[in-house]
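Peer 1: Hey, dropping entry.tsv in here, TSV, C-alpha atoms:
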chain	number	residue	atom	x	y	z
A	1	MET	CA	0.00	0.00	0.00
A	2	LYS	CA	1.37	3.41	-0.94
A	3	ARG	CA	1.91	6.02	1.77
A	4	ARG	CA	-0.99	8.14	0.52
A	5	GLY	CA	-3.24	5.12	0.86
A	6	PHE	CA	-2.22	4.69	4.49
A	7	ILE	CA	-2.80	8.38	5.24
A	8	THR	CA	-6.22	8.11	3.62
A	9	LEU	CA	-6.99	5.24	6.02
A	10	ALA	CA	-5.99	7.39	8.99
A	11	GLY	CA	-8.02	10.34	7.72
A	12	GLY	CA	-10.99	8.11	7.02
A	13	ALA	CA	-10.82	6.58	10.47
A	14	LEU	CA	-10.73	10.06	11.95
A	15	ALA	CA	-13.78	11.11	9.96
A	16	TRP	CA	-15.59	7.96	11.09
A	17	ALA	CA	-14.77	8.60	14.74
A	18	THR	CA	-15.93	12.24	14.65
A	19	ALA	CA	-19.06	11.84	12.51
A	20	ALA	CA	-21.27	11.25	15.54
A	21	ARG	CA	-20.19	14.63	16.93
A	22	ALA	CA	-20.85	16.59	13.75
A	23	GLN	CA	-23.76	18.50	15.24
A	24	GLN	CA	-21.67	19.75	18.15
A	25	VAL	CA	-19.74	23.02	18.25
A	26	LYS	CA	-16.65	22.84	16.05
A	27	ARG	CA	-13.96	20.89	17.85
A	28	VAL	CA	-10.40	19.85	17.26
A	29	SER	CA	-10.14	16.10	16.70
A	30	ARG	CA	-7.23	14.22	18.25
A	31	ILE	CA	-5.03	11.50	16.83
A	32	GLY	CA	-2.99	9.41	19.26
A	33	LEU	CA	0.27	8.54	17.48
A	34	PHE	CA	2.63	6.24	19.35
A	35	LEU	CA	5.67	4.50	17.87
A	36	PRO	CA	8.57	2.34	19.09
A	37	PRO	CA	11.44	4.55	17.80
A	38	PRO	CA	12.06	8.21	18.65
A	39	ARG	CA	10.43	10.84	16.43
A	40	ASN	CA	11.82	10.80	12.92
A	41	SER	CA	11.02	12.05	9.41
A	42	GLU	CA	8.09	9.62	9.11
A	43	VAL	CA	6.14	11.58	11.73
A	44	ASP	CA	6.71	14.86	9.86
A	45	ALA	CA	5.69	13.19	6.59
A	46	PHE	CA	2.53	11.93	8.31
A	47	LEU	CA	1.59	15.48	9.35
A	48	VAL	CA	2.29	16.86	5.88
A	49	ALA	CA	0.12	14.18	4.25
A	50	LEU	CA	-2.70	14.83	6.72
A	51	ARG	CA	-2.60	18.50	5.75
A	52	GLY	CA	-2.97	17.49	2.12
A	53	LEU	CA	-6.21	15.73	3.06
A	54	GLY	CA	-7.55	18.76	4.89
A	55	TRP	CA	-6.52	17.82	8.43
A	56	VAL	CA	-4.39	20.73	9.65
A	57	GLU	CA	-2.51	20.51	12.94
A	58	GLY	CA	-3.74	23.23	15.30
A	59	GLU	CA	-6.87	23.98	13.27
A	60	ASN	CA	-9.10	20.92	13.02
A	61	VAL	CA	-6.80	18.20	14.35
A	62	HIS	CA	-4.25	17.76	17.11
A	63	VAL	CA	-1.72	14.91	17.19
A	64	GLU	CA	-0.87	13.56	20.63
A	65	TYR	CA	2.56	12.07	19.93
A	66	ARG	CA	4.35	9.56	22.12
A	67	ASP	CA	7.44	7.47	21.44
A	68	ALA	CA	8.87	4.53	23.35
A	69	ASP	CA	12.48	5.60	22.68
A	70	GLY	CA	13.19	2.15	21.25
A	71	ASP	CA	11.80	0.27	24.27
A	72	ASP	CA	8.82	-1.87	23.21
A	73	ASN	CA	7.99	-2.55	26.87
A	74	ARG	CA	6.81	1.06	27.19
A	75	LEU	CA	4.21	0.77	24.41
A	76	PRO	CA	1.32	-0.63	26.52
A	77	ALA	CA	1.56	2.30	28.95
A	78	LEU	CA	1.70	4.80	26.08
A	79	ALA	CA	-1.36	3.24	24.42
A	80	ALA	CA	-3.29	3.28	27.70
A	81	GLU	CA	-2.31	6.92	28.26
A	82	LEU	CA	-3.62	7.96	24.86
A	83	VAL	CA	-6.85	6.02	25.32
A	84	ALA	CA	-7.35	7.74	28.68
A	85	LEU	CA	-6.98	11.10	26.93
A	86	GLY	CA	-9.97	10.22	24.77
A	87	VAL	CA	-8.27	10.42	21.36
A	88	ASP	CA	-10.47	9.81	18.32
A	89	VAL	CA	-8.01	7.57	16.46
A	90	LEU	CA	-4.88	5.60	17.39
A	91	VAL	CA	-1.99	5.26	14.93
A	92	THR	CA	0.92	2.92	15.57
A	93	ALA	CA	3.35	0.48	13.92
A	94	THR	CA	4.99	-2.95	14.40
A	95	PHE	CA	3.63	-6.01	16.19
A	96	PRO	CA	4.28	-4.70	19.75
A	97	GLY	CA	2.53	-1.42	18.89
A	98	VAL	CA	-0.53	-3.13	17.39
A	99	LEU	CA	-0.77	-5.54	20.33
A	100	ALA	CA	-0.51	-2.64	22.81
A	101	ALA	CA	-3.28	-0.79	20.99
A	102	HIS	CA	-5.49	-3.89	20.91
A	103	ARG	CA	-5.08	-4.45	24.63
A	104	ALA	CA	-5.79	-0.79	25.39
A	105	THR	CA	-9.02	-0.50	23.37
A	106	THR	CA	-11.36	-2.48	21.16
A	107	THR	CA	-13.51	0.53	20.26
A	108	ILE	CA	-11.23	3.41	19.22
A	109	PRO	CA	-10.37	3.10	15.49
A	110	THR	CA	-6.74	2.04	15.18
A	111	VAL	CA	-4.55	2.32	12.07
A	112	MET	CA	-1.19	0.56	11.83
A	113	ILE	CA	1.46	2.17	9.63
A	114	VAL	CA	2.94	-1.27	9.11
A	115	GLY	CA	2.45	-4.37	11.17
A	116	PRO	CA	1.90	-8.13	11.29
A	117	ASP	CA	-0.73	-10.25	9.58
A	118	LEU	CA	-3.77	-9.44	11.73
A	119	VAL	CA	-5.68	-12.45	10.42
A	120	THR	CA	-2.96	-14.86	11.56
A	121	LEU	CA	-2.95	-13.21	14.98
A	122	GLY	CA	-6.72	-13.44	15.28
A	123	LEU	CA	-7.15	-9.65	15.35
A	124	ALA	CA	-9.00	-9.46	12.02
A	125	ALA	CA	-11.59	-11.60	10.27
A	126	SER	CA	-9.97	-11.25	6.83
A	127	MET	CA	-7.65	-8.98	4.87
A	128	ALA	CA	-10.52	-7.59	2.76
A	129	HIS	CA	-12.96	-7.15	5.66
A	130	PRO	CA	-10.97	-7.00	8.89
A	131	GLY	CA	-13.89	-6.08	11.16
A	132	GLY	CA	-13.06	-4.93	14.67
A	133	ASN	CA	-11.27	-1.61	15.15
A	134	ILE	CA	-7.81	-2.24	13.59
A	135	THR	CA	-6.80	-1.73	9.97
A	136	GLY	CA	-3.75	-0.60	7.98
A	137	GLN	CA	-0.76	-2.02	6.14
A	138	THR	CA	0.57	-5.48	6.84
A	139	PHE	CA	4.10	-6.74	6.53
A	140	PHE	CA	4.03	-10.33	5.24
A	141	LEU	CA	6.85	-11.46	7.47
A	142	THR	CA	6.59	-15.21	6.98
A	143	GLU	CA	6.62	-15.05	3.18
A	144	LEU	CA	9.43	-12.50	3.11
A	145	ALA	CA	11.52	-14.46	5.61
A	146	ALA	CA	11.60	-17.46	3.26
A	147	LYS	CA	12.44	-15.18	0.34
A	148	ARG	CA	15.28	-13.59	2.30
A	149	LEU	CA	16.81	-17.02	2.82
A	150	GLU	CA	16.66	-17.65	-0.93
A	151	VAL	CA	18.37	-14.33	-1.61
A	152	LEU	CA	21.08	-15.09	0.97
A	153	ALA	CA	21.68	-18.48	-0.62
A	154	SER	CA	22.21	-16.83	-3.99
A	155	ILE	CA	24.76	-14.47	-2.41
A	156	ALA	CA	26.49	-17.21	-0.40
A	157	PRO	CA	26.01	-20.45	-2.40
A	158	SER	CA	28.29	-22.40	-0.03
A	159	MET	CA	26.03	-21.63	2.95
A	160	THR	CA	25.13	-24.76	4.95
A	161	ARG	CA	23.99	-23.24	8.26
A	162	ALA	CA	21.97	-20.11	9.01
A	163	GLY	CA	20.91	-18.51	12.26
A	164	VAL	CA	17.43	-16.94	12.33
A	165	LEU	CA	17.08	-13.97	14.67
A	166	MET	CA	13.62	-13.50	16.17
A	167	GLN	CA	12.19	-11.43	18.97
A	168	ARG	CA	11.36	-13.71	21.89
A	169	GLY	CA	7.66	-14.27	22.50
A	170	THR	CA	6.38	-13.00	19.16
A	171	PRO	CA	3.39	-15.12	18.02
A	172	LEU	CA	4.61	-15.05	14.41
A	173	ASN	CA	7.86	-16.89	15.24
A	174	ASN	CA	6.43	-20.37	14.59
A	175	GLY	CA	4.97	-19.38	11.23
A	176	THR	CA	8.22	-17.67	10.25
A	177	MET	CA	10.32	-20.71	11.11
A	178	ASN	CA	7.92	-23.07	9.29
A	179	ALA	CA	8.13	-20.99	6.11
A	180	MET	CA	11.91	-20.73	6.32
A	181	THR	CA	12.32	-24.43	7.14
A	182	ASN	CA	10.52	-25.45	3.97
A	183	ALA	CA	12.79	-23.17	1.92
A	184	ALA	CA	15.92	-24.31	3.79
A	185	ARG	CA	15.11	-27.99	3.23
A	186	ALA	CA	15.07	-27.46	-0.52
A	187	MET	CA	18.43	-25.67	-0.32
A	188	LYS	CA	19.94	-28.21	2.14
A	189	VAL	CA	20.59	-25.49	4.68
A	190	GLU	CA	20.40	-26.12	8.42
A	191	LEU	CA	18.48	-23.47	10.36
A	192	ARG	CA	19.15	-22.50	13.97
A	193	PRO	CA	16.49	-20.31	15.63
A	194	ILE	CA	17.90	-17.55	17.85
A	195	GLU	CA	15.29	-15.89	20.04
A	196	LEU	CA	16.37	-12.69	21.74
A	197	ASP	CA	14.83	-10.10	23.96
A	198	ILE	CA	15.05	-6.47	22.78
A	199	PRO	CA	17.60	-5.36	23.71
A	200	GLY	CA	19.28	-8.76	23.93
A	201	ASP	CA	22.75	-10.22	24.12
A	202	LEU	CA	23.28	-11.21	20.48
A	203	ASP	CA	26.94	-12.17	20.82
A	204	ASN	CA	26.25	-14.55	23.71
A	205	ALA	CA	23.26	-16.10	21.90
A	206	LEU	CA	25.36	-16.78	18.81
A	207	ARG	CA	28.07	-18.49	20.83
A	208	HIS	CA	25.59	-20.87	22.46
A	209	CYS	CA	23.28	-21.50	19.53
A	210	CYS	CA	25.27	-21.76	16.35
A	211	PRO	CA	29.04	-21.20	16.52
A	212	ARG	CA	30.30	-19.16	13.60
A	213	PRO	CA	27.07	-19.09	11.52
A	214	GLN	CA	27.70	-18.39	7.88
A	215	VAL	CA	24.71	-16.09	7.54
A	216	VAL	CA	22.32	-14.60	10.06
A	217	PRO	CA	19.08	-13.39	8.43
A	218	CYS	CA	17.30	-10.94	10.72
A	219	CYS	CA	13.52	-11.36	10.50
A	220	SER	CA	12.65	-7.74	11.15
A	221	HIS	CA	11.86	-4.84	8.83
A	222	LYS	CA	13.21	-2.20	11.20
A	223	GLU	CA	16.53	-1.16	12.72
A	224	THR	CA	17.03	-3.11	15.95
A	225	PRO	CA	19.54	-3.12	18.82
A	226	TRP	CA	21.05	-6.20	17.12
A	227	THR	CA	21.93	-4.33	13.93
A	228	PRO	CA	25.51	-3.22	14.86
A	229	SER	CA	26.46	-6.77	15.88
A	230	ILE	CA	24.95	-8.19	12.69
A	231	ARG	CA	26.97	-5.75	10.61
A	232	ALA	CA	30.11	-6.78	12.49
A	233	LEU	CA	29.53	-10.36	11.38
A	234	SER	CA	29.49	-9.42	7.71
Show the structure stored in the file as structure tokens.

Peer 2:
Amino acid sequence: MKRRGFITLAGGALAWATAARAQQVKRVSRIGLFLPPPRNSEVDAFLVALRGLGWVEGENVHVEYRDADGDDNRLPALAAELVALGVDVLVTATFPGVLAAHRATTTIPTVMIVGPDLVTLGLAASMAHPGGNITGQTFFLTELAAKRLEVLASIAPSMTRAGVLMQRGTPLNNGTMNAMTNAARAMKVELRPIELDIPGDLDNALRHCCPRPQVVPCCSHKETPWTPSIRALS
């Protein structure tokens, strides 16, 4: 989905949430935006795109922004804080953000910038008609994880062992490993799952799980605390 499509979703959700109040005195609607990383250019781009759709910060909309400063454990508290403020729409990203939003509210419209397969997680009825209060862009992690392994094999044809980095406790881990295992079997590559907390001790995990792995595909679409160590392996 293109960025304009996502912004349209957010704007549409906002219009839906405020329609019932249309007969009231003009009010400023509020979007609760909470993200794992610190504020970056994506937030500014979000505000610019909202303006293009007629939602102007300080005039007819106010964005309550929170960031977890890279600590996913803070997301539930941030989501609960925004819900308590009575925002009209929640906007978030990644699996921890979507899960935090789901636990905080099942009524406030929630848009994910990018996140997991909601159907697989049981948070949506289907991709076409999700139902519930969550919609947005999905990141097909399981399919892409298998494809990443194929790409790595083309880069390192002598690869016989690969470590698979995953965030501990993520419900998508089993599906990711199943998809990658099928691809690895065809390529005669041995997979070693490496589950880490964020932040986690990558170097120690590698020593205990798979000494000197030839390739370590990281099953994440974002910069993580593991990234510097992964680069050092290359």

Peer 1: Please identify all polymer residues lying at most 12 Å from the point (8.2, -15.9, 11.8) (file coordinates), using only C-alpha atoms, and present the result as an mmCIF file with C-alpha atoms, keeping the file's coordinate frame.

Peer 2:
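Resulting contents of selection-v4.cif:
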data_model
loop_
_atom_site.group_PDB
_atom_site.id
_atom_site.type_symbol
_atom_site.label_atom_id
_atom_site.label_comp_id
_atom_site.auth_asym_id
_atom_site.auth_seq_id
_atom_site.Cartn_x
_atom_site.Cartn_y
_atom_site.Cartn_z
ATOM 1 C CA PHE A 95 3.630 -6.010 16.190
ATOM 2 C CA PRO A 116 1.900 -8.130 11.290
ATOM 3 C CA ASP A 117 -0.730 -10.250 9.580
ATOM 4 C CA THR A 120 -2.960 -14.860 11.560
ATOM 5 C CA LEU A 121 -2.950 -13.210 14.980
ATOM 6 C CA PHE A 139 4.100 -6.740 6.530
ATOM 7 C CA PHE A 140 4.030 -10.330 5.240
ATOM 8 C CA LEU A 141 6.850 -11.460 7.470
ATOM 9 C CA THR A 142 6.590 -15.210 6.980
ATOM 10 C CA GLU A 143 6.620 -15.050 3.180
ATOM 11 C CA LEU A 144 9.430 -12.500 3.110
ATOM 12 C CA ALA A 145 11.520 -14.460 5.610
ATOM 13 C CA ALA A 146 11.600 -17.460 3.260
ATOM 14 C CA VAL A 164 17.430 -16.940 12.330
ATOM 15 C CA LEU A 165 17.080 -13.970 14.670
ATOM 16 C CA MET A 166 13.620 -13.500 16.170
ATOM 17 C CA GLN A 167 12.190 -11.430 18.970
ATOM 18 C CA ARG A 168 11.360 -13.710 21.890
ATOM 19 C CA GLY A 169 7.660 -14.270 22.500
ATOM 20 C CA THR A 170 6.380 -13.000 19.160
ATOM 21 C CA PRO A 171 3.390 -15.120 18.020
ATOM 22 C CA LEU A 172 4.610 -15.050 14.410
ATOM 23 C CA ASN A 173 7.860 -16.890 15.240
ATOM 24 C CA ASN A 174 6.430 -20.370 14.590
ATOM 25 C CA GLY A 175 4.970 -19.380 11.230
ATOM 26 C CA THR A 176 8.220 -17.670 10.250
ATOM 27 C CA MET A 177 10.320 -20.710 11.110
ATOM 28 C CA ASN A 178 7.920 -23.070 9.290
ATOM 29 C CA ALA A 179 8.130 -20.990 6.110
ATOM 30 C CA MET A 180 11.910 -20.730 6.320
ATOM 31 C CA THR A 181 12.320 -24.430 7.140
ATOM 32 C CA PRO A 193 16.490 -20.310 15.630
ATOM 33 C CA ILE A 194 17.900 -17.550 17.850
ATOM 34 C CA GLU A 195 15.290 -15.890 20.040
ATOM 35 C CA PRO A 217 19.080 -13.390 8.430
ATOM 36 C CA CYS A 218 17.300 -10.940 10.720
ATOM 37 C CA CYS A 219 13.520 -11.360 10.500
ATOM 38 C CA SER A 220 12.650 -7.740 11.150
#

Peer 1: Could you tell me how far CA of Ala184 in chain A sits from CA of Met159 in chain A, in Å to one decimal place?

Peer 2: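 So the answer is 10.5 Å.
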
Peer 1: Using all atoms listed in the file, can you tell me which of A:Asp71, A:Asp88, A:Glu59, A:Glu150 comes closest to Val189 in chain A?

Peer 2: A:Glu150

Peer 1: Rounded to one decimal, what separation in Å do you get between CA of Ala100 in chain A and CA of Asp67 in chain A?

Peer 2: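 One can read the CA of Ala100 in chain A to CA of Asp67 in chain A distance as 12.9 Å.
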
Peer 1: Just the number, please: distance in Å from CA of Phe46 in chain A to CA of Gly70 in chain A, one decimal.

Peer 2: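 Rounded to one decimal, the two atoms are 19.4 Å apart.
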
Peer 1: Nearest to Val114 in chain A: which of A:Ile155, A:Val91, A:Ala128, A:Val28 is it, counting all atoms listed in the file?

Peer 2: A:Val91

Peer 1: Of the candidates A:Gly115, A:Gly32, A:Gly58, A:Pro96, which shows the shortest atom-to-atom distance to Ala80 in chain A, using only C-alpha atoms?

Peer 2: A:Gly32
